[in-house]
Protein chains: 2
Amino acid sequence: MGAMTGERLLLADDDDNLRSMLEAALRHHGYDVTAVASGREALAAAGESSPDLIVLDVMMPDLDGFEVCRRLRTEGSRVPVVFLTARDATEDKVRGLTLGGDDYVVKPFSLDELVARTDAVLRRTGAQKDGSVLRCADLELDDDAHRVTRGGSDVNLSPTEYNLLRFLLANQGRVLSKAQILDHVWNYDFGGDGGIVETYIGYLRKKLDNGDDVRLIHTIRGVGYVVREQG
Amino acid sequence: MGAMTGERLLLADDDDNLRSMLEAALRHHGYDVTAVASGREALAAAGESSPDLIVLDVMMPDLDGFEVCRRLRTEGSRVPVVFLTARDATEDKVRGLTLGGDDYVVKPFSLDELVARTDAVLRRTGAQKDGSVLRCADLELDDDAHRVTRGGSDVNLSPTEYNLLRFLLANQGRVLSKAQILDHVWNYDFGGDGGIVETYIGYLRKKLDNGDDVRLIHTIRGVGYVVREQG
DNA sequence: GGCGGTTCTCAGCAACCTCTCAGAGTCGGC
DNA sequence: GCCGACTCTGAGAGGTTGCTGAGAACCGCC
């Protein structure tokens, strides 16, 4: 998965910390990111650079995300939008926005989730032709169908197991530290330590590597984990 | 479902919010959409681009939908029209105009309904040769006949159950979130939460999956629902 | 107005998932 | 082989999500 052609993203969030986190993550994923801190700046930047997608925080001091989107649409712009929204209210307001291929992510989210949603929206709106299937040996993960198979037979994963596997597969062949995994797969406000990663790696191995002689998830002692075909 | 050949649609509605919603939905469904905000613009655009179908709001400030349609007919145009109309009055007025294969949709409607009507009109007028039968395993939904069968025997569904099943079948193999389902199957002004979707999924399962060993409607915990044969 | 069918809400229950913790197991360095 | 550090695993508390049945509100139809 990923942004092969370097799509241009506009990111608008007034929280400095979160914004630079997201900017780094999206940039690292291959996107060409412009980051701004307010609704007005977002409108201006969208007009100037006409990005391929906009990530919009809903709660912003001057113009909120909905208003920015509404104005863009009124101007005739059809750029797809991914909203960042708090859990409490707003869910009803967000309804009606998943139509044109837009989407929304509820705070606190994981980086991996935002990236996955962004990719999915771009895939749906046709700006990116990347397939949605990740593969390693006889293991397949189809993101559209949200389906995982090993050797052709279905594997039933919980949400967190699924997200972890997707992150590992998206980076197969690369060793990932527990800290990296925590940062990408768990919500950004998660307070625990790396022990939870060991537990979930265990869950995945039980469901994927058990009863199969070829192990795909390998431990690099003192470093982290990696998914690849040969040991 | 689907507009395989990208038919050209003209959409006229003065409500900015609704117009961009509809534009996004129709475009996402594969139509090539031009959107305008008034009756005069609609007339001008129809003359220039001669679209395959026009979606006309009845209530518009300068020229109302009826008048636009009348003038088009006077000019000799036979382009099919789908009217958008409020519930209260007008229903009888619209009747007189729906003769030439035209149709009308009462506000507030669901996106799925508008898309289905649009598809149906184009199918009837021959601009689109798409079949109207959706299938999954031994389950069939015939949209023209408005008929659902499982294993050859009829299944009796309420309107909402039918719409929900059609949306699921039209997207079979793809996971749909409760928000997406709400957006497409329920009226756009519906205020409730996703609980209603669970209830209706339950109704459908009782009527479709009961007494049959092959279940077709599957729950993806934390994500949504999907219709497919195995799994 | 009464009736059957439909839509929607709600609360209790069941199933599932997340995360913590402690003890057992494993590895590498010396 | 021994030690310390790292990793794996199982059990379980607590929280979340989805399912279901009951019933209230609504509608069109007679």
# chains A, B, ... in the order shown; residues from 1 in each chain; ligands from 1

call {"tool": "interface_residues", "arguments": {"of": "chain A", "to": "chain D", "cutoff": "8 Å", "atoms": "only C-alpha atoms (C1' of nucleotides)", "output": "NGL selection string"}}
result
:A and (198 or 202 or 221-222)

call {"tool": "write_last_selection", "arguments": {"atoms": "C-alpha atoms", "output": "compact mmCIF listing (two decimals), in the first residue's frame"}}
result
# COMPACT_ATOMS: atom_id res chain seq x y z
CA GLU A 198 4.23 -9.06 22.63
CA GLY A 202 1.38 -13.96 20.24
CA ARG A 221 15.76 -10.25 19.77
CA GLY A 222 16.52 -6.84 21.25

call {"tool": "closest_atom_pairs", "arguments": {"of": "chain A", "to": "chain B", "cutoff": "7 Å", "atoms": "only C-alpha atoms", "output": "Markdown table"}}
result
| residue | atom | partner | partner_atom | distance |
| --- | --- | --- | --- | --- |
| A:Arg73 | CA | B:Ser20 | CA | 6.2 |
| A:Thr74 | CA | B:Asp16 | CA | 6.3 |
| A:Asp92 | CA | B:Gly191 | CA | 6.9 |
| A:Arg95 | CA | B:Asp183 | CA | 6.3 |
| A:Gly96 | CA | B:Asp183 | CA | 5.6 |
| A:Thr98 | CA | B:Gln180 | CA | 6.1 |
| A:Leu99 | CA | B:Ala25 | CA | 5.4 |
| A:Gly100 | CA | B:Ala24 | CA | 4.2 |
| A:Gly101 | CA | B:His28 | CA | 7.0 |
| A:Asp144 | CA | B:Arg174 | CA | 5.5 |
| A:Ala145 | CA | B:Arg174 | CA | 4.6 |
| A:His146 | CA | B:Val175 | CA | 6.6 |
| A:Asp154 | CA | B:Gly231 | CA | 6.6 |
| A:Pro159 | CA | B:Gly222 | CA | 6.5 |

call {"tool": "write_last_selection", "arguments": {"atoms": "C-alpha atoms", "output": "compact mmCIF listing (two decimals), in the first residue's frame"}}
result
# COMPACT_ATOMS: atom_id res chain seq x y z
CA ARG A 73 -18.11 22.65 -2.24
CA THR A 74 -19.94 25.90 -2.84
CA ASP A 92 -24.58 12.97 13.26
CA ARG A 95 -23.19 11.67 8.52
CA GLY A 96 -23.85 12.72 5.01
CA THR A 98 -19.20 9.54 3.67
CA LEU A 99 -21.00 9.81 0.36
CA GLY A 100 -18.65 11.21 -2.18
CA GLY A 101 -15.87 8.98 -1.02
CA ASP A 144 -11.68 -3.48 1.00
CA ALA A 145 -13.20 -6.78 2.04
CA HIS A 146 -11.45 -6.56 5.42
CA ASP A 154 -10.19 -17.52 6.22
CA PRO A 159 -9.73 -5.23 15.11

call {"tool": "select_by_dssp", "arguments": {"residues": "range 11-228 of chain B", "states": "strand (DSSP E or B)", "output": "VMD selection string"}}
result
chain B and resid 11 to 12 32 to 36 53 to 57 81 to 85 103 to 106 133 to 136 139 to 142 147 to 150 153 to 155 176 217 to 220 224 to 227

call {"tool": "interface_residues", "arguments": {"of": "chain C", "to": "chain B", "cutoff": "12 Å", "atoms": "only C-alpha atoms (C1' of nucleotides)", "output": "MDAnalysis selection string"}}
result
chainID C and resid 5:10 15:17

call {"tool": "write_last_selection", "arguments": {"atoms": "C-alpha atoms (C1' of nucleotides)", "output": "PDB file, in the first residue's frame"}}
result
ATOM      1  C1'  DG C   5     -47.839  -3.761   9.045  1.00  0.00           C
ATOM      2  C1'  DT C   6     -43.794  -0.868   9.542  1.00  0.00           C
ATOM      3  C1'  DT C   7     -40.432   2.085  11.740  1.00  0.00           C
ATOM      4  C1'  DC C   8     -37.740   3.233  15.512  1.00  0.00           C
ATOM      5  C1'  DT C   9     -36.078   3.267  20.498  1.00  0.00           C
ATOM      6  C1'  DC C  10     -34.379   1.093  24.339  1.00  0.00           C
ATOM      7  C1'  DA C  15     -20.146 -12.546  23.101  1.00  0.00           C
ATOM      8  C1'  DC C  16     -16.071 -10.631  22.287  1.00  0.00           C
ATOM      9  C1'  DC C  17     -12.022  -7.779  22.851  1.00  0.00           C
TER      10       DC C  17
END

call {"tool": "atom_distance", "arguments": {"atom1": "CA of Tyr203 in chain B", "atom2": "CA of Gly131 in chain B"}}
result
27.2 Å

call {"tool": "residues_around", "arguments": {"residues": "Leu169 in chain A", "least_positions_apart": "3", "cutoff": "8 Å", "atoms": "only C-alpha atoms (C1' of nucleotides)", "output": "VMD selection string"}}
result
chain A and resid 134 to 136 165 to 166 172 227

call {"tool": "select_by_dssp", "arguments": {"residues": "range 1-228 of chain B", "states": "helix (DSSP H, G or I)", "output": "number ranges by chain"}}
result
B: 16-28, 39-49, 65-74, 91-95, 111-124, 159-170, 178-185, 195-208

call {"tool": "residues_around", "arguments": {"residues": "Leu53 in chain A", "least_positions_apart": "4", "cutoff": "7 Å", "atoms": "only C-alpha atoms (C1' of nucleotides)", "output": "list in words"}}
result
Arg8, Leu9, Leu10, Val79, Pro80 and Val81 of chain A

call {"tool": "residues_around", "arguments": {"residues": "Gly152 in chain B", "least_positions_apart": "4", "cutoff": "10 Å", "atoms": "only C-alpha atoms (C1' of nucleotides)", "output": "list in words"}}
result
Asp138, Leu139, Glu140 and Val148 of chain B

call {"tool": "write_last_selection", "arguments": {"atoms": "C-alpha atoms", "output": "short mmCIF file (atom, residue, chain, number, x, y, z; two decimals), in the first residue's frame"}}
result
data_model
loop_
_atom_site.label_atom_id
_atom_site.label_comp_id
_atom_site.auth_asym_id
_atom_site.auth_seq_id
_atom_site.Cartn_x
_atom_site.Cartn_y
_atom_site.Cartn_z
CA ASP B 138 -28.97 -18.53 -4.26
CA LEU B 139 -30.23 -15.08 -3.25
CA GLU B 140 -31.68 -12.89 -5.99
CA VAL B 148 -36.49 -11.08 -3.72
#

call {"tool": "atom_distance", "arguments": {"atom1": "CA of Arg78 in chain A", "atom2": "CA of Ser50 in chain A"}}
result
9.9 Å
